[in-house]
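Participant: Sending over a structure as structure tokens; questions will come in a sec.
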2 protein chains.
Amino acid sequence: MRSSGMFVVHLAAVAAVVGLYMLSEPVHGDEGMWLFNHPPRAYLQKQYGFAPDEAWLDHVRLASVRFNSGGSGSFVSPHGLVMTNHHVASDDLAKLSTDEKNYLRDGFHAKTRDQELPCKGLELNVLIGIQDVTAEVEKAVPPGTPPAEAFKLRQAKIAELEKAAANPEKNIRADVVTLYAGGQYHLYTFKKYTDIRLVFAPEKDAAFFGGDPDNFEYPRYCLDVAFLRVYENGKPINSEHYLKWSASGCQEGELVFVSGHPGRTNRGNIMAELKYLRDTGYPYLLQRLNRLEVLLSAWSARSERNAQRAEDELFSIQNSRKARLGGLAGLLDPKLMARKQAQEKRLRDYLTQLQTQMKPLPPWHAEAMQAFETIAKAEKVRAELIRDVTLLENAAGFYCTSFGIARTLVRAAEELPKPGGERLREFADARLPSLKFQLFSDEPIYEDLEIVKLTDGLTFLATSLGAEHELVQKVLAGKSPRERAYELISGTRVRDVAFRKKVFADIEEKAKAGQRVDLDSYNDPLLTLAQLVDPAARAVRKRFENEVEEPKRQAYAALAKARFAMDGDRVYPDATFTLRLAFGVVKGYKEDGRDVPPFTTFAGMFQRAAEQNNRPPFALPKRWLERKAALNLNTPFNFVCTADIIGGNSGSPVINKNAEVVGLIFDGNIQSLVLDFIYDDEQARAISVDSRAIVEALRKIYDAQELADEITGNRH
Amino acid sequence: MRSSGMFVVHLAAVAAVVGLYMLSEPVHGDEGMWLFNHPPRAYLQKQYGFAPDEAWLDHVRLASVRFNSGGSGSFVSPHGLVMTNHHVASDDLAKLSTDEKNYLRDGFHAKTRDQELPCKGLELNVLIGIQDVTAEVEKAVPPGTPPAEAFKLRQAKIAELEKAAANPEKNIRADVVTLYAGGQYHLYTFKKYTDIRLVFAPEKDAAFFGGDPDNFEYPRYCLDVAFLRVYENGKPINSEHYLKWSASGCQEGELVFVSGHPGRTNRGNIMAELKYLRDTGYPYLLQRLNRLEVLLSAWSARSERNAQRAEDELFSIQNSRKARLGGLAGLLDPKLMARKQAQEKRLRDYLTQLQTQMKPLPPWHAEAMQAFETIAKAEKVRAELIRDVTLLENAAGFYCTSFGIARTLVRAAEELPKPGGERLREFADARLPSLKFQLFSDEPIYEDLEIVKLTDGLTFLATSLGAEHELVQKVLAGKSPRERAYELISGTRVRDVAFRKKVFADIEEKAKAGQRVDLDSYNDPLLTLAQLVDPAARAVRKRFENEVEEPKRQAYAALAKARFAMDGDRVYPDATFTLRLAFGVVKGYKEDGRDVPPFTTFAGMFQRAAEQNNRPPFALPKRWLERKAALNLNTPFNFVCTADIIGGNSGSPVINKNAEVVGLIFDGNIQSLVLDFIYDDEQARAISVDSRAIVEALRKIYDAQELADEITGNRH
């Protein structure tokens, strides 16, 4: 704890010297995705007369659930019942679907526990412990260590800490999470659950009413909810910490909290990085998303069967496309960039002022002064590498599920014989169980879709690098992309789970003796290809890690320390798919001069459907049309609030001061897409399903009395 | 005629020297898009025992119609009745549609002439004369003239020839067309018609059954037909030359002809250009098509009204995307590229051999030897310029109809005061009437769609050049793309036809005195923007013309002369949207080992619809479902033949030896997309609507007895 302690002492000295910066507000209104071990109690107390205590925080944290597939959820009954979004569960709904039963489209409802359907490859985590290990991680890297070496040392220490804290037999998983862009490292321990069963999901047309067209828009009318149940040893778990259901929902102007896992924000980004994203990163990514959207849309349009097979992936691509377009619009907004520029100037001025006002300077000062240039340089390398990282390491040039599997096997064969600390991060001992769980998942992989995807991937590779590029020629082996994709996909055995298990077992067996399996012996064309590509992929990954990630990590860590010094505990770290607490008020907004009210109702949904002639994606499910009369049409359906959220928060419970469920986050409006870089409460809003709508729909549309009773507490 | 005469003499000498190359076949089977003044009579006579005579050729040519909007058609009655595809007419159907009447979707049928609907902005041309003006054009450019100067001189001569031949009062339009990539120049005179009225179109669901998913696929089931009528002075014209209707249709194995306007092929392209297209041109274009497809699809999905407004453009983008993807697949096929490589080697070997075997060498020899390098160099410049040409000159960075109008006005103001020969090509005197006709068209322009498009265009501009690029900053004027697009589109008056007419009249008025109108005086933000952008756009256009187009034109002309020398009259020029005659036989093909028969039937259409659960785009129109029983389900519906066609041939009549209509070209199969570069008759096929299906549907589905009678000749 030594260096961390020093750091705190130093901060106090700095704060005393440069009082000026303590006066201006580093956060804005209801801004913030706060750590559970560091909530903005003072602001909440002052602004809302309520600050959550430790018990409240522990209870909400332990009732919160992370979907490792991406997304959030919460326990809402003592019997392991988890609430999340339909769209968070959509991957699992698709995996459970067959040609005969399309649960993603038609919904699902288990009236009794024995009807609950085991999900395939889904892992849920509950955050049971947080420990600050910043000092230990920092101690492992002596000052002055060159970046590549520093990275290795830090990874080794992290792997060691994770391994010590994990307990695979008890399903305790441990992750060292990086916060404040490397300013802090916390060791998170999770209770891991892998027997998750589907309890209820509405029809996709109800959950995602308005589809991609209405995605990120408001007013909205979506029943974007799903219920799952967590089992252990064949029985529902006893979920002691669960969120109770509010009897009355929420009201306009009410303070609400959101507990969930915002995936990633870039609020600490300096201008050099924002400009990289604006001019290079986002445009490149959007090109690829456009490409994939067109590819999968065109394929889906050829038959119903195709549509079902690609639906989930297409859905996620369209969602990303819209989100990135919104982010890019923010980056291209000169007003927003001017605010970011002013924030950067404030930090630069602070550092300069420190230089003249304080001796000795804090140890991070020199690095922070240098950080702007370090990051600018790293962003240049990043722009240089984006193509090859995308094509090779991210495997966009080999786009298909089968290649991902082959790549994992190829890398496992190389990595597992090494000591844990020297492996690629994803092969560290603590991560192996999850990696294997995913690798051995029996989710269906469709040969025809794989061929279509790989044809496109190989075409992308050839046109990006040029058809005469040496690697392209080796990869295509004298064939056209279509012929080669057909040959590879129809020839590989990696779609067979038993084959994967066999190869992985062979690898582990040999690795114990420090030896490598000869993958050529399996005579599998895709394993051979993945081997062929791997040296180039690793080379570009290494350059990216050493010349982009690591220098930036260090530079941003120095800047984070400077920001700490400047703003003290009034700051929160950028989102990193770790558990956070956000808050805000239920509140409408103005758009083009007109008022957008905070709540919608069921009546509004029927009206929008009618205006759109019930054509997809505005077609209401049959059940909704038939049971309209039974519904209380004035039930609040969706609502907006000012809480600071981002992708990954999907499925987060919205709770009141009493930690009772009043809603379920499922989206942000189009104006909220700038939250990636900067908080705004003028128009940006989080969108939730109202808890009252969930109960009303369960009872009146779905005849799910027992489920409504379970969440509202009539049956415990 | 001097230089052309010399050329012919020389050819004979060359042919005598290098006999070898006369033996191998430069064309393959039914290959060729032949000139009407140069049909492959010998091959046809030998292969099929039938060669069309002059009268046959004149008759078919004069019965053929070019749609200047892109596409082909033919007169099929003596009363000016023109047959084409629904998709060729779709632009016009959309323009005639309103919020209440959607003719594109629902079809149209004028039972009587007074119900026929005048199209907006449609121009049809009939090719009434062909004159070889190669000698005159070549004479205008003295040997050794530098490229930029040569271009100018040639343009001036072409403008002069066109002006002399045109007769605007009699609606005679004249175009000098470039053939054999500059090897020949022919002066085409057209009779121009602008009063075109819609007679009949089926529902889009019948015309484009299977939509984009089935586009370029076979078997197919599309009634892709529309009928228009040509008027002059308020009355249907007397179309002396029209194609009669075959009583019995065509049979498998029968010889058929296609008379139409293939848009563009690249058969003469050398490897350097094919590689440019493969590695740069097609990938860049496809990126843009993907982008626009996603943009317009997303916007269309938000409401029925949006969908109708964007439908036609989206349709055309999806069509281009699929066509380019098919072409790219061909370019990435090593077998195909090897054939092209062999063709190039044959030409190079011929040139080398000539060098040792003949003295003196023909005048084009040195230039042809040099041509490969000249073109390779030009392709490098082309790759360098593609971004700026696309953004600025092609105005992708200002994507919307309004900008196109503003640009035309801005350029008219600058060009019209100049002498005709010095103007940008599109402002030459002979082209002005068509330019004005299009400029003054009152087709609807939707403000909301324009804002969406321009926002995307400005975003594309900013991300392509970088947001801090000087031009981008000037264009955006401190606003985000969305704000700026809103400001420009809501502020401009160019959507008002009267405003356009007023500005253009002012320009013409001043131009007469050799003066320029001050466009700033109109205080129109879009005119101001178009002026701001024009110098950069012109600069890149000039570089492209001088460093890419002109050197390539000269190099390809030299290669074309070499090919003439090598292959004599056994070659045909690449397609240039001029009238051509193709031929082939009605014939199925093999795919993945199974036989694809040449004909489909109505029964097959009903079956495919049923398999797809009648969901769009496989939903049959109500009328078809109701009248199924009345139809002879065994009527041949679509068929394939080996004729050599490409985009632009859509709407071409398929005729038998007696010049009777047996079908109507509307598509090629996916394997035909390589025809851009190389002819193939193994799998590549042209797809037609069978003439028997057209009559059967008119009578049994549409109650269009009078129209069926008119085309089958029962009522003249």
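Ligands are numbered from 1 in the order shown, residues from 1 within each chain, and chains are lettered A, B, ... in the order they appear in the structure tokens.
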Could you produce a table of the residues of chain A lying within 8 Å of chain B, with the nearest pair of atoms per residue and their separation in Å rounded to one decimal, using only C-alpha atoms, ordered by chain and increasing residue number, as a Markdown table?
Facilitator:
```
| residue | atom | partner | partner_atom | distance |
| --- | --- | --- | --- | --- |
| A:Asp212 | CA | B:Ala298 | CA | 7.5 |
| A:Pro213 | CA | B:Arg302 | CA | 4.9 |
| A:Asp214 | CA | B:Arg302 | CA | 7.0 |
| A:Arg278 | CA | B:Thr463 | CA | 7.0 |
| A:Asp279 | CA | B:Thr463 | CA | 5.0 |
| A:Thr280 | CA | B:Thr463 | CA | 7.2 |
| A:Pro283 | CA | B:Thr463 | CA | 6.4 |
| A:Gln287 | CA | B:Gln287 | CA | 6.6 |
| A:Asn290 | CA | B:Asn290 | CA | 5.6 |
| A:Arg291 | CA | B:Asn290 | CA | 5.7 |
| A:Glu293 | CA | B:Val294 | CA | 7.3 |
| A:Val294 | CA | B:Asn290 | CA | 6.2 |
| A:Ala298 | CA | B:Pro213 | CA | 6.2 |
| A:Trp299 | CA | B:Pro213 | CA | 7.3 |
| A:Ala301 | CA | B:Pro213 | CA | 5.7 |
| A:Arg302 | CA | B:Pro213 | CA | 4.9 |
| A:Ser303 | CA | B:Gln612 | CA | 6.5 |
| A:Glu304 | CA | B:Gln612 | CA | 6.8 |
| A:Ala329 | CA | B:Ser480 | CA | 7.3 |
| A:Leu332 | CA | B:Ser480 | CA | 5.6 |
| A:Asp333 | CA | B:Ser480 | CA | 4.5 |
| A:Pro334 | CA | B:Lys479 | CA | 6.3 |
| A:Thr459 | CA | B:Leu332 | CA | 8.0 |
| A:Ala462 | CA | B:Asp279 | CA | 7.7 |
| A:Thr463 | CA | B:Asp279 | CA | 5.0 |
| A:Ser464 | CA | B:Asp279 | CA | 7.4 |
| A:Gly466 | CA | B:Asp279 | CA | 5.3 |
| A:Ala467 | CA | B:Asp279 | CA | 6.7 |
| A:Gly478 | CA | B:Pro334 | CA | 6.3 |
| A:Lys479 | CA | B:Pro334 | CA | 6.3 |
| A:Ser480 | CA | B:Asp333 | CA | 4.5 |
| A:Pro481 | CA | B:Leu332 | CA | 7.2 |
| A:Arg482 | CA | B:Ala329 | CA | 7.9 |
| A:Gln612 | CA | B:Ser303 | CA | 6.4 |
```
Participant: What lies within 7 Å of Ala323 of chain A using only C-alpha atoms, ignoring chain neighbours under 4 positions off, as a list in words?
Facilitator: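 Contacts, in chain order: Asn319, Gly327 and Leu673 of chain A.
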Participant: Would you save the residues from that selection as a PDB file, in the first residue's frame, using N, CA and C atoms?
Facilitator:
```pdb
ATOM      1  N   ASN A 319     -27.503  -2.132 -34.482  1.00  0.00           N
ATOM      2  CA  ASN A 319     -27.420  -1.398 -33.237  1.00  0.00           C
ATOM      3  C   ASN A 319     -26.068  -0.670 -33.131  1.00  0.00           C
ATOM      4  N   GLY A 327     -22.311   8.620 -32.234  1.00  0.00           N
ATOM      5  CA  GLY A 327     -21.050   9.065 -31.655  1.00  0.00           C
ATOM      6  C   GLY A 327     -20.275   9.933 -32.624  1.00  0.00           C
ATOM      7  N   LEU A 673     -26.143   9.459 -27.525  1.00  0.00           N
ATOM      8  CA  LEU A 673     -25.008   8.727 -28.098  1.00  0.00           C
ATOM      9  C   LEU A 673     -23.696   9.476 -27.936  1.00  0.00           C
TER      10      LEU A 673
END
```
Participant: Distance atom CA of Glu169 of chain B-atom CA of Asp442 of chain B, one decimal place?
Facilitator: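 One can read the atom CA of Glu169 of chain B to atom CA of Asp442 of chain B distance as 22.8 Å.
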Participant: In Å, how far is it from atom CA of Ser69 of chain B to atom CA of Asn125 of chain B?
Facilitator: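 That distance, rounded to one decimal, is 10.6 Å.
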Participant: Applying 9 Å and only C-alpha atoms, which residues near Tyr185 of chain A remain after dropping the ones on its own chain fewer than 3 positions away? List them as an NGL selection string.
Facilitator: :A and (131-138 or 176-180 or 182)
Participant: With N, CA, C and O atoms retained, export the selected residues as a short mmCIF file (atom, residue, chain, number, x, y, z; two decimals), in the first residue's frame.
Facilitator:
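Okay, this is what ended up in part_35.cif:
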```cif
data_model
loop_
_atom_site.label_atom_id
_atom_site.label_comp_id
_atom_site.auth_asym_id
_atom_site.auth_seq_id
_atom_site.Cartn_x
_atom_site.Cartn_y
_atom_site.Cartn_z
N GLN A 131 -11.34 -5.20 -4.20
CA GLN A 131 -10.13 -4.91 -3.41
C GLN A 131 -9.21 -4.03 -4.26
O GLN A 131 -8.94 -4.34 -5.42
N ASP A 132 -8.72 -2.94 -3.67
CA ASP A 132 -7.82 -2.05 -4.41
C ASP A 132 -6.42 -2.68 -4.41
O ASP A 132 -5.80 -2.85 -3.36
N VAL A 133 -5.92 -3.06 -5.59
CA VAL A 133 -4.60 -3.69 -5.69
C VAL A 133 -3.64 -2.80 -6.50
O VAL A 133 -2.65 -3.28 -7.04
N THR A 134 -3.95 -1.53 -6.58
CA THR A 134 -3.14 -0.60 -7.36
C THR A 134 -1.67 -0.67 -6.94
O THR A 134 -0.76 -0.77 -7.78
N ALA A 135 -1.46 -0.63 -5.60
CA ALA A 135 -0.08 -0.61 -5.10
C ALA A 135 0.67 -1.86 -5.55
O ALA A 135 1.81 -1.77 -6.03
N GLU A 136 0.05 -3.00 -5.41
CA GLU A 136 0.73 -4.24 -5.78
C GLU A 136 1.07 -4.29 -7.25
O GLU A 136 2.15 -4.71 -7.65
N VAL A 137 0.12 -3.87 -8.08
CA VAL A 137 0.36 -3.89 -9.53
C VAL A 137 1.48 -2.90 -9.88
O VAL A 137 2.37 -3.21 -10.67
N GLU A 138 1.45 -1.74 -9.26
CA GLU A 138 2.46 -0.72 -9.58
C GLU A 138 3.85 -1.16 -9.12
O GLU A 138 4.84 -0.90 -9.78
N VAL A 176 -8.67 -8.68 -12.37
CA VAL A 176 -8.14 -7.38 -11.99
C VAL A 176 -8.66 -6.39 -13.02
O VAL A 176 -8.41 -6.55 -14.22
N VAL A 177 -9.44 -5.40 -12.57
CA VAL A 177 -9.98 -4.44 -13.51
C VAL A 177 -9.17 -3.15 -13.46
O VAL A 177 -8.69 -2.73 -12.42
N THR A 178 -9.00 -2.60 -14.63
CA THR A 178 -8.24 -1.37 -14.77
C THR A 178 -9.20 -0.19 -14.72
O THR A 178 -10.15 -0.15 -15.50
N LEU A 179 -8.96 0.75 -13.82
CA LEU A 179 -9.84 1.90 -13.67
C LEU A 179 -9.05 3.19 -13.86
O LEU A 179 -7.83 3.18 -13.75
N TYR A 180 -9.72 4.26 -14.09
CA TYR A 180 -9.06 5.54 -14.33
C TYR A 180 -7.94 5.36 -15.36
O TYR A 180 -6.83 5.86 -15.17
N GLY A 182 -5.90 3.11 -16.00
CA GLY A 182 -4.62 2.65 -15.48
C GLY A 182 -4.21 3.38 -14.21
O GLY A 182 -3.17 3.07 -13.63
#
```
Participant: Could you tell me, as a PyMOL selection string, which residues of segment 534-668 of chain B DSSP assigns to alpha helix (DSSP H) when given the backbone?
Facilitator: chain B and resi 534-544+550-567+602-611+622-626
Participant: Rank B:Ile158, B:Ala629, B:Ala247, B:Ala697 by their smallest atom-to-atom distance to Asn714 of chain B, using only C-alpha atoms, and report the top residue only.
Facilitator: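 Checking each of B:Ile158, B:Ala629, B:Ala247, B:Ala697 against Asn714 of chain B, counting only C-alpha atoms, the winner is B:Ala247.
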Participant: Measuring between only C-alpha atoms, which one of A:Ala539, A:Ala395, A:Ile130, A:Leu122 shows the shortest distance to Thr189 of chain A?
Facilitator: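 Among the listed residues, A:Ile130 lies closest to Thr189 of chain A.
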Participant: Tell me which protein, DNA and RNA residues are within 12 Å of segment 414-424 of chain B, counting only C-alpha atoms, leaving out same-chain ones fewer than 4 positions away, and put them as a PyMOL selection string.
Facilitator: chain B and resi 149+151-163+407-410+428-432+504-519+531+534-535+538+541-542+545
Participant: Contacts of segment 51-68 of chain A at 6 Å or less, counting only C-alpha atoms, minus same-chain residues fewer than 2 places along, as a list of chain:residue names?
Facilitator: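 These residues fall inside the cut-off: A:Arg41, A:Leu44, A:Gln45, A:Gly70, A:Gly71, A:Ser72, A:Gly73, A:Ser74, A:Phe75, A:Glu123, A:Leu124, A:Asn125, A:Val126, A:His241, A:Tyr242.
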Participant: For the selection you just gave me, I'd like the residues written to a file as a PDB file, in the first residue's frame, keeping N, CA, C and O atoms.
Facilitator:
```
ATOM      1  N   ARG A  41     -21.622  10.608  -2.638  1.00  0.00           N
ATOM      2  CA  ARG A  41     -22.567  10.823  -1.533  1.00  0.00           C
ATOM      3  C   ARG A  41     -22.863  12.294  -1.270  1.00  0.00           C
ATOM      4  O   ARG A  41     -24.005  12.676  -1.070  1.00  0.00           O
ATOM      5  N   LEU A  44     -25.185  13.819  -3.885  1.00  0.00           N
ATOM      6  CA  LEU A  44     -26.540  13.281  -3.752  1.00  0.00           C
ATOM      7  C   LEU A  44     -27.245  13.890  -2.542  1.00  0.00           C
ATOM      8  O   LEU A  44     -28.413  14.270  -2.606  1.00  0.00           O
ATOM      9  N   GLN A  45     -26.498  13.976  -1.433  1.00  0.00           N
ATOM     10  CA  GLN A  45     -27.080  14.520  -0.207  1.00  0.00           C
ATOM     11  C   GLN A  45     -27.510  15.969  -0.426  1.00  0.00           C
ATOM     12  O   GLN A  45     -28.610  16.360  -0.079  1.00  0.00           O
ATOM     13  N   GLY A  70     -22.433  -9.629 -22.444  1.00  0.00           N
ATOM     14  CA  GLY A  70     -22.607  -8.193 -22.663  1.00  0.00           C
ATOM     15  C   GLY A  70     -23.975  -7.766 -22.202  1.00  0.00           C
ATOM     16  O   GLY A  70     -24.964  -8.069 -22.867  1.00  0.00           O
ATOM     17  N   GLY A  71     -24.031  -7.046 -21.087  1.00  0.00           N
ATOM     18  CA  GLY A  71     -25.329  -6.603 -20.599  1.00  0.00           C
ATOM     19  C   GLY A  71     -25.426  -6.749 -19.094  1.00  0.00           C
ATOM     20  O   GLY A  71     -24.505  -7.255 -18.441  1.00  0.00           O
ATOM     21  N   SER A  72     -26.544  -6.281 -18.548  1.00  0.00           N
ATOM     22  CA  SER A  72     -26.738  -6.238 -17.107  1.00  0.00           C
ATOM     23  C   SER A  72     -28.064  -6.897 -16.745  1.00  0.00           C
ATOM     24  O   SER A  72     -28.905  -7.132 -17.613  1.00  0.00           O
ATOM     25  N   GLY A  73     -28.214  -7.155 -15.461  1.00  0.00           N
ATOM     26  CA  GLY A  73     -29.462  -7.722 -14.974  1.00  0.00           C
ATOM     27  C   GLY A  73     -29.514  -7.605 -13.469  1.00  0.00           C
ATOM     28  O   GLY A  73     -28.596  -7.061 -12.843  1.00  0.00           O
ATOM     29  N   SER A  74     -30.595  -8.119 -12.878  1.00  0.00           N
ATOM     30  CA  SER A  74     -30.710  -8.046 -11.414  1.00  0.00           C
ATOM     31  C   SER A  74     -31.587  -9.182 -10.912  1.00  0.00           C
ATOM     32  O   SER A  74     -32.464  -9.665 -11.630  1.00  0.00           O
ATOM     33  N   PHE A  75     -31.307  -9.598  -9.690  1.00  0.00           N
ATOM     34  CA  PHE A  75     -32.188 -10.576  -9.054  1.00  0.00           C
ATOM     35  C   PHE A  75     -33.448  -9.863  -8.613  1.00  0.00           C
ATOM     36  O   PHE A  75     -33.378  -8.790  -7.991  1.00  0.00           O
ATOM     37  N   GLU A 123     -22.981 -17.212 -19.233  1.00  0.00           N
ATOM     38  CA  GLU A 123     -22.369 -17.113 -17.912  1.00  0.00           C
ATOM     39  C   GLU A 123     -22.812 -15.810 -17.250  1.00  0.00           C
ATOM     40  O   GLU A 123     -22.723 -14.748 -17.848  1.00  0.00           O
ATOM     41  N   LEU A 124     -23.293 -15.910 -16.012  1.00  0.00           N
ATOM     42  CA  LEU A 124     -23.661 -14.710 -15.251  1.00  0.00           C
ATOM     43  C   LEU A 124     -22.685 -14.551 -14.087  1.00  0.00           C
ATOM     44  O   LEU A 124     -22.261 -15.536 -13.493  1.00  0.00           O
ATOM     45  N   ASN A 125     -22.342 -13.319 -13.775  1.00  0.00           N
ATOM     46  CA  ASN A 125     -21.423 -13.039 -12.663  1.00  0.00           C
ATOM     47  C   ASN A 125     -22.067 -12.082 -11.675  1.00  0.00           C
ATOM     48  O   ASN A 125     -22.752 -11.137 -12.084  1.00  0.00           O
ATOM     49  N   VAL A 126     -21.805 -12.328 -10.405  1.00  0.00           N
ATOM     50  CA  VAL A 126     -22.221 -11.390  -9.363  1.00  0.00           C
ATOM     51  C   VAL A 126     -20.959 -10.923  -8.652  1.00  0.00           C
ATOM     52  O   VAL A 126     -20.119 -11.736  -8.248  1.00  0.00           O
ATOM     53  N   HIS A 241     -29.973 -11.542  -1.769  1.00  0.00           N
ATOM     54  CA  HIS A 241     -30.074 -10.134  -2.165  1.00  0.00           C
ATOM     55  C   HIS A 241     -30.821 -10.018  -3.479  1.00  0.00           C
ATOM     56  O   HIS A 241     -30.310 -10.410  -4.525  1.00  0.00           O
ATOM     57  N   TYR A 242     -32.036  -9.547  -3.403  1.00  0.00           N
ATOM     58  CA  TYR A 242     -32.798  -9.315  -4.633  1.00  0.00           C
ATOM     59  C   TYR A 242     -33.542  -8.001  -4.471  1.00  0.00           C
ATOM     60  O   TYR A 242     -33.762  -7.531  -3.348  1.00  0.00           O
TER      61      TYR A 242
END
```
Participant: Between A:Leu274, A:Ala558, A:Leu449, A:Val654, single out the one closest to Asp690 of chain A, counting only C-alpha atoms.
Facilitator: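 The closest residue to Asp690 of chain A is A:Val654.
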Participant: Find the residues near Arg623 of chain A: any atom within 10 Å, counting only C-alpha atoms, skip ones fewer than 2 places away on the same chain, and give them as a list in words.
Facilitator: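 Counting only C-alpha atoms, the residues come to Glu203, Ala206, Leu620, Pro621, Leu625, Glu626, Arg627, Lys628, Lys700, Ile701 and Tyr702 of chain A.
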Participant: Please write the residues from the selection above to a file, keeping C-alpha atoms, as a short mmCIF file (atom, residue, chain, number, x, y, z; two decimals), in the first residue's frame.
Facilitator:
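After the write, part-v1.cif holds the following:
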```cif
data_model
loop_
_atom_site.label_atom_id
_atom_site.label_comp_id
_atom_site.auth_asym_id
_atom_site.auth_seq_id
_atom_site.Cartn_x
_atom_site.Cartn_y
_atom_site.Cartn_z
CA GLU A 203 -42.35 -11.83 -28.73
CA ALA A 206 -43.28 -6.53 -28.58
CA LEU A 620 -48.03 -6.00 -33.02
CA PRO A 621 -48.04 -9.64 -31.98
CA LEU A 625 -54.16 -7.32 -30.72
CA GLU A 626 -56.49 -9.94 -29.25
CA ARG A 627 -56.05 -8.83 -25.65
CA LYS A 628 -55.98 -5.10 -26.15
CA LYS A 700 -53.08 -9.37 -19.07
CA ILE A 701 -51.21 -10.41 -22.21
CA TYR A 702 -49.17 -13.42 -21.23
#
```
Participant: List the neighbours of segment 576-586 of chain B out to 8 Å using only C-alpha atoms; skip same-chain residues closer than 5 positions along the sequence, and give me the result as a ChimeraX atom specification.
Facilitator: /B:30-36,39,61,66,127,177-179,250-265,598,639-645,648
Participant: I need the chosen residues saved as a CSV table (one decimal), in the first residue's frame, with C-alpha atoms.
Facilitator:
```csv
chain,number,residue,atom,x,y,z
B,30,ASP,CA,-22.0,-16.2,-79.4
B,31,GLU,CA,-19.9,-13.4,-78.0
B,32,GLY,CA,-20.4,-9.9,-79.1
B,33,MET,CA,-22.3,-6.6,-78.8
B,34,TRP,CA,-22.1,-5.8,-82.4
B,35,LEU,CA,-22.6,-2.5,-84.2
B,36,PHE,CA,-25.6,-2.3,-86.5
B,39,PRO,CA,-22.8,-7.2,-87.7
B,61,ARG,CA,-32.6,-0.3,-85.5
B,66,ARG,CA,-33.0,4.3,-76.1
B,127,LEU,CA,-31.1,6.2,-83.8
B,177,VAL,CA,-19.9,8.4,-79.9
B,178,THR,CA,-16.5,7.0,-79.1
B,179,LEU,CA,-16.0,3.4,-80.1
B,250,CYS,CA,-39.4,-19.2,-78.8
B,251,GLN,CA,-38.2,-22.8,-78.3
B,252,GLU,CA,-35.2,-24.3,-76.5
B,253,GLY,CA,-32.2,-24.2,-78.9
B,254,GLU,CA,-33.6,-21.4,-81.1
B,255,LEU,CA,-31.5,-18.5,-82.4
B,256,VAL,CA,-32.6,-15.2,-81.0
B,257,PHE,CA,-31.4,-11.6,-81.3
B,258,VAL,CA,-31.3,-8.8,-78.8
B,259,SER,CA,-31.3,-5.1,-79.9
B,260,GLY,CA,-30.5,-2.7,-77.2
B,261,HIS,CA,-28.1,-0.4,-75.4
B,262,PRO,CA,-25.5,-2.2,-73.3
B,263,GLY,CA,-24.2,0.5,-71.0
B,264,ARG,CA,-20.6,-0.3,-70.5
B,265,THR,CA,-18.2,-3.2,-70.7
B,598,PRO,CA,-34.2,-22.6,-69.8
B,639,PHE,CA,-36.3,-17.8,-70.1
B,640,VAL,CA,-32.5,-17.6,-70.5
B,641,CYS,CA,-30.3,-17.4,-73.6
B,642,THR,CA,-26.6,-17.0,-74.3
B,643,ALA,CA,-26.8,-13.5,-75.8
B,644,ASP,CA,-24.0,-11.2,-74.8
B,645,ILE,CA,-25.7,-8.5,-72.7
B,648,GLY,CA,-28.4,-0.9,-70.2
```
Participant: I need the residue nearest Asp703 of chain B from this list: B:Ala609, B:Ala110, B:Gly80, B:Tyr43. Use only C-alpha atoms for the distance.
Facilitator: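 So, comparing all the options, the nearest one is B:Ala110.
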Participant: What's the separation between atom CA of Ala537 of chain B and atom CA of Lys380 of chain B, in Å to one decimal place?
Facilitator: 19.6 Å
Participant: What are the DSSP strand (DSSP E) residues of segment 248-493 of chain A, as a list in words?
Facilitator: Leu255, Val256, Phe257, Val258, Ser259 and Gly260 of chain A
Participant: Find the residue from A:Pro433, A:Gly663, A:Glu344, A:Val389 that sits nearest to Asn167 of chain A; use only C-alpha atoms when measuring.
Facilitator: A:Pro433
